[in-house]
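Student: For reference, the structure I am asking about is given below.
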Amino acid sequence: MFKAIPLIILTLVLFTFSSYVQAQYPSEQALLEAFKLHENTTKVNDTQRVKDLQAFIEISTNNNWQNAWVYIQLSKAKLYAGLYQLKASMSVIHETLPVAKKLELFDEVAVLEALWFENSQYSNAISIDISAQELLARLPRIKDIRRKRQVMLELSMYFSRQGDLLTALKLTLGLDSEDVASNAQKATLLADIYYRIGDMEKHNDYSLQAIALLEEIDDLSGKAIAMFNRIEIFFLKEYFEDVKKYLPLFEQAVEIAGDATLLGDVYRYKAMMALHEHNYPLAKSLLHESKLIYQAHDLAYYTMLSDLVLLEVMLTEGDFSTANSQLLKIKADVTSYANAYYFVEYYQMATAIYQALNDYKSAFAAAEHLKKYELLLAEEKNRTEIVKFEYEQSLKTQQSEKANMKAQQIQQNIIWALIVIASLLTLCFLLFILNRQMSAKQKLGVLANTDMLTGAPNRRAILDKAEQQLKYCKKNQLPLIIVMADIDLFKSINDEFGHDVGDEVLRVFSNCSKEAIRQSEFYGRFGGEEWLFIIPQTELSFAQILFERLSQSIQQHGDEFPFDIQRLTFSMGAVELEKDDTVKAMIDRADKLLYQAKEQGRNRICY
């Protein structure tokens, strides 16, 4: 009775979840959208994902929502295939495929058939009723990009296992990279294909790239599987030092991922290392642990691999009688799941065991089988060598084409370089002529707008600036000040010290004026010793500040004069913009205020 309690609780949980889904997603489209969201956001292992599908399948079945049912069943078949539960995967495919064909779901049919090919790689017992070439020809008709990618992935793996590596490579390189996860899948496949072709440099690059990409998207199980593939190749190449370094990292990745099925691989690889180091009791113990895990998850293919390692342990330690029992025990599994490589391994050990037991008849029969599968393996190796040769030739052809293209490109570049140089020389000559003309024109422009004695803007330039600022300030309703300035008693300075000193006074006054104004303000020599200041966007009271700044600047330059600086003063008249003002009107008013300042005793400003 107590044993039934967990089952009752699980049933209640599934019923509650199913009712929740039914209530929340009353239509087929709503259920599909919920399922797609669940697929993309749920981060659990594949075993749990399969369980989570049940509620969605029940809802689609109860409501006869066949399209949704096919979609969910397809996901279920993929999950089972990923778990290497081939019987379960094939059962789902056989159940779903007729319905998908009846509904004319072309894309789903293609993916189901592609999964069929994938499963056939791990079991000789699965018959293939369709042609891979036929499915390949149907690829262009698949509309859904994700489905098309899935079919290409499955076909690529199938052709790779069948030894048609160039077709597999072409398919994989043709995969559009949608996102990081897709790039990770692509890199994983390319790593496997390049290993089979024999390009170990590219294999290593893509293997490490796949692990990095899977880590980037936090796909812990995917990362662990990619590391699993890497260790498997280390063993095949007998890189035992690399295995020693990498195996702890793989075990750590499996623990973090929490993937129970991969834990079986950890034990199996540890057992293989123990066998390599002649620690037979440890190897047996580890293989026992791996088999328990594989059997618990219905991983018959990997159970067979553990059994083969166990057989090798028994043979190596000389336990021929137990090894003979193991031979008979695993023969059916080897026949169902093994490929030529594992058949050769099995019959090599069988021949050695029978010889040790003096069972020469069985040894002879095993040797005959061994010879048969060695020939098959040799044929596979020959095909692989041919593929390697074709691949290397294609690389040489590509390199030759690249070299030719590079040479042609260099020739074209030289021609274009000569054309460009000639054009640049012509352009430089034209620019030189144009620059001289523009420079001359600019100099004339500067001369036309600059007072030659002081370097300040002349009457023409400052009046143009006054017109511009008047127009702008009127348009934007901003204030504007115009200030007229005159050096006091300038004639007496000329008479007493000479015109050279007078000229120097004008130059210093110009420099002081430049220092006294802000960046947005303007000044210029209006004529003789008279100066015009344009102060935009400022109230009239600022004219007093300008007067004080200019006075202070002149005092600071006192050592530049051959007389007491106190003698150099100036007067100012300032006006602000009125509604209908013109520049001339403002200057006239400022000029009157200037003379008013003179009459009041000079060295002051009137406004």
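Residue names in the structure tokens use chain letters A, B, ... in the order shown, residue numbers from 1 in each chain, and ligand numbers from 1 in the order shown.
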Could you write out, as a count of residues only, all the residues of region 76-179 of chain A that DSSP marks as alpha helix (DSSP H)?
Tutor: 72
Student: Might you pull out every residue within 12 Å of Lys170 (chain A), with only C-alpha atoms counted and same-chain residues fewer than 6 positions away left off, and present them as a ChimeraX atom specification?
Tutor: /A:136,152-153,155-157,159-160,164,186,189-190,193-194,391
Student: Write out, as an mmCIF file, in the first residue's frame, the residues just selected, with C-alpha atoms.
Tutor:
```cif
data_model
loop_
_atom_site.group_PDB
_atom_site.id
_atom_site.type_symbol
_atom_site.label_atom_id
_atom_site.label_comp_id
_atom_site.auth_asym_id
_atom_site.auth_seq_id
_atom_site.Cartn_x
_atom_site.Cartn_y
_atom_site.Cartn_z
ATOM 1 C CA LEU A 136 18.298 15.019 -49.541
ATOM 2 C CA MET A 152 20.277 18.784 -42.639
ATOM 3 C CA LEU A 153 21.805 18.012 -39.230
ATOM 4 C CA LEU A 155 21.399 13.770 -42.750
ATOM 5 C CA SER A 156 24.855 15.169 -42.147
ATOM 6 C CA MET A 157 25.353 12.792 -39.195
ATOM 7 C CA PHE A 159 26.217 10.501 -44.260
ATOM 8 C CA SER A 160 29.183 10.993 -41.928
ATOM 9 C CA ASP A 164 30.069 9.841 -47.330
ATOM 10 C CA LYS A 186 27.416 23.165 -36.474
ATOM 11 C CA LEU A 189 29.333 18.247 -36.443
ATOM 12 C CA LEU A 190 32.296 19.820 -38.222
ATOM 13 C CA ILE A 193 33.577 15.226 -39.831
ATOM 14 C CA TYR A 194 37.056 16.732 -39.892
ATOM 15 C CA TYR A 391 39.298 16.365 -49.671
#
```
Student: Given the choices A:Ile414, A:Ile353, A:Ala224, A:Leu286, which gets closest to Thr261 (chain A) if the distance is worked out from only C-alpha atoms?
Tutor: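 For Thr261 (chain A), the nearest of the candidates is A:Ala224.
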Student: Near Gln150 (chain A), counting only C-alpha atoms, which residues have an atom at most 12 Å away, once you skip same-chain residues fewer than 2 positions from it, shown as a PyMOL selection string?
Tutor: chain A and resi 74-75+78+107-115+118+139+142+144-148+152-157+171-172+175-176+182+185-186
Student: Can you tell me, as a PyMOL selection string, what residues are no more than 6 Å from region 294-309 of chain A when counting only C-alpha atoms, ignoring any on the same chain fewer than 5 positions away?
Tutor: chain A and resi 84-85+337
Student: Any chance you can output those residues with C-alpha atoms as an mmCIF file, in the first residue's frame?
Tutor:
```cif
data_model
loop_
_atom_site.group_PDB
_atom_site.id
_atom_site.type_symbol
_atom_site.label_atom_id
_atom_site.label_comp_id
_atom_site.auth_asym_id
_atom_site.auth_seq_id
_atom_site.Cartn_x
_atom_site.Cartn_y
_atom_site.Cartn_z
ATOM 1 C CA TYR A 84 19.792 6.859 -27.222
ATOM 2 C CA GLN A 85 16.523 5.186 -26.237
ATOM 3 C CA TYR A 337 24.161 -2.386 -32.280
#
```
Student: Considering only C-alpha atoms, return as a VMD selection string whatever protein or nucleic-acid residues lie within 12 Å of Asp488 (chain A), sequence-local ones (same chain, fewer than 3 positions apart) excluded.
Tutor: chain A and resid 485 491 to 494 505 to 506 509 528 to 530 566 to 572 594 to 595 597 to 599 601 to 604
Student: When you count only C-alpha atoms, which of these residues is closest to Glu379 (chain A): A:Met314, A:Lys101, A:Tyr341, A:Ser60?
Tutor: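 The shortest atom-to-atom distance to Glu379 (chain A) comes from A:Tyr341.
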Student: Enter the distance from CA of Ala350 (chain A) to CA of Ala366 (chain A), in Å, rounded to one decimal.
Tutor: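 Atom-to-atom, CA of Ala350 (chain A) and CA of Ala366 (chain A) are spaced 6.2 Å apart.
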Student: Which residues, written as number ranges by chain, have at least one atom at most 9 Å from Leu105 (chain A), with only C-alpha atoms counted and residues fewer than 5 positions away on the same chain left out?
Tutor: A: 67, 70, 99-100, 110
Student: Those residues you just picked out, can you put them in a file as a compact mmCIF listing (two decimals), in the first residue's frame with N, CA and C atoms?
Tutor:
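Saved result, again.txt, follows:
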```txt
# COMPACT_ATOMS: atom_id res chain seq x y z
N ASN A 67 -2.52 18.38 -35.40
CA ASN A 67 -1.32 19.14 -35.76
C ASN A 67 -0.42 19.33 -34.53
N VAL A 70 1.19 15.98 -33.50
CA VAL A 70 2.34 15.61 -34.32
C VAL A 70 3.56 16.41 -33.89
N VAL A 99 0.34 9.69 -39.35
CA VAL A 99 -0.56 10.83 -39.10
C VAL A 99 -0.02 12.08 -39.79
N ALA A 100 1.29 12.29 -39.68
CA ALA A 100 1.92 13.46 -40.32
C ALA A 100 1.75 13.41 -41.83
N ALA A 110 9.55 15.09 -43.01
CA ALA A 110 10.98 15.10 -43.34
C ALA A 110 11.83 14.94 -42.08
```
Student: Which residues are near region 455-458 of chain A? Cut-off 6 Å, only C-alpha atoms, ignore same chain within fewer than 6 positions. Put them as a ChimeraX atom specification.
Tutor: /A:449,524-525
Student: May I have the residues from that selection written out with N, CA, C and O atoms, as a short mmCIF file (atom, residue, chain, number, x, y, z; two decimals), in the first residue's frame?
Tutor:
```cif
data_model
loop_
_atom_site.label_atom_id
_atom_site.label_comp_id
_atom_site.auth_asym_id
_atom_site.auth_seq_id
_atom_site.Cartn_x
_atom_site.Cartn_y
_atom_site.Cartn_z
N ASN A 449 39.33 93.02 -45.81
CA ASN A 449 38.55 93.14 -44.58
C ASN A 449 39.41 93.39 -43.35
O ASN A 449 38.91 93.33 -42.23
N GLY A 524 36.24 96.43 -34.38
CA GLY A 524 36.95 96.78 -35.60
C GLY A 524 37.32 98.26 -35.59
O GLY A 524 36.75 99.07 -34.85
N ARG A 525 38.34 98.58 -36.41
CA ARG A 525 38.77 99.98 -36.51
C ARG A 525 37.83 100.70 -37.48
O ARG A 525 37.75 100.37 -38.65
#
```
Student: When you draw a straight line from CA of Ala543 (chain A) to CA of Ala574 (chain A), how long is it in Å?
Tutor: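 Separation of CA of Ala543 (chain A) and CA of Ala574 (chain A): 6.5 Å.
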Student: One decimal, Å: what's the distance from CA of Tyr523 (chain A) over to CA of Asp464 (chain A), could you say?
Tutor: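 Distance reported for this atom pair: 11.4 Å.
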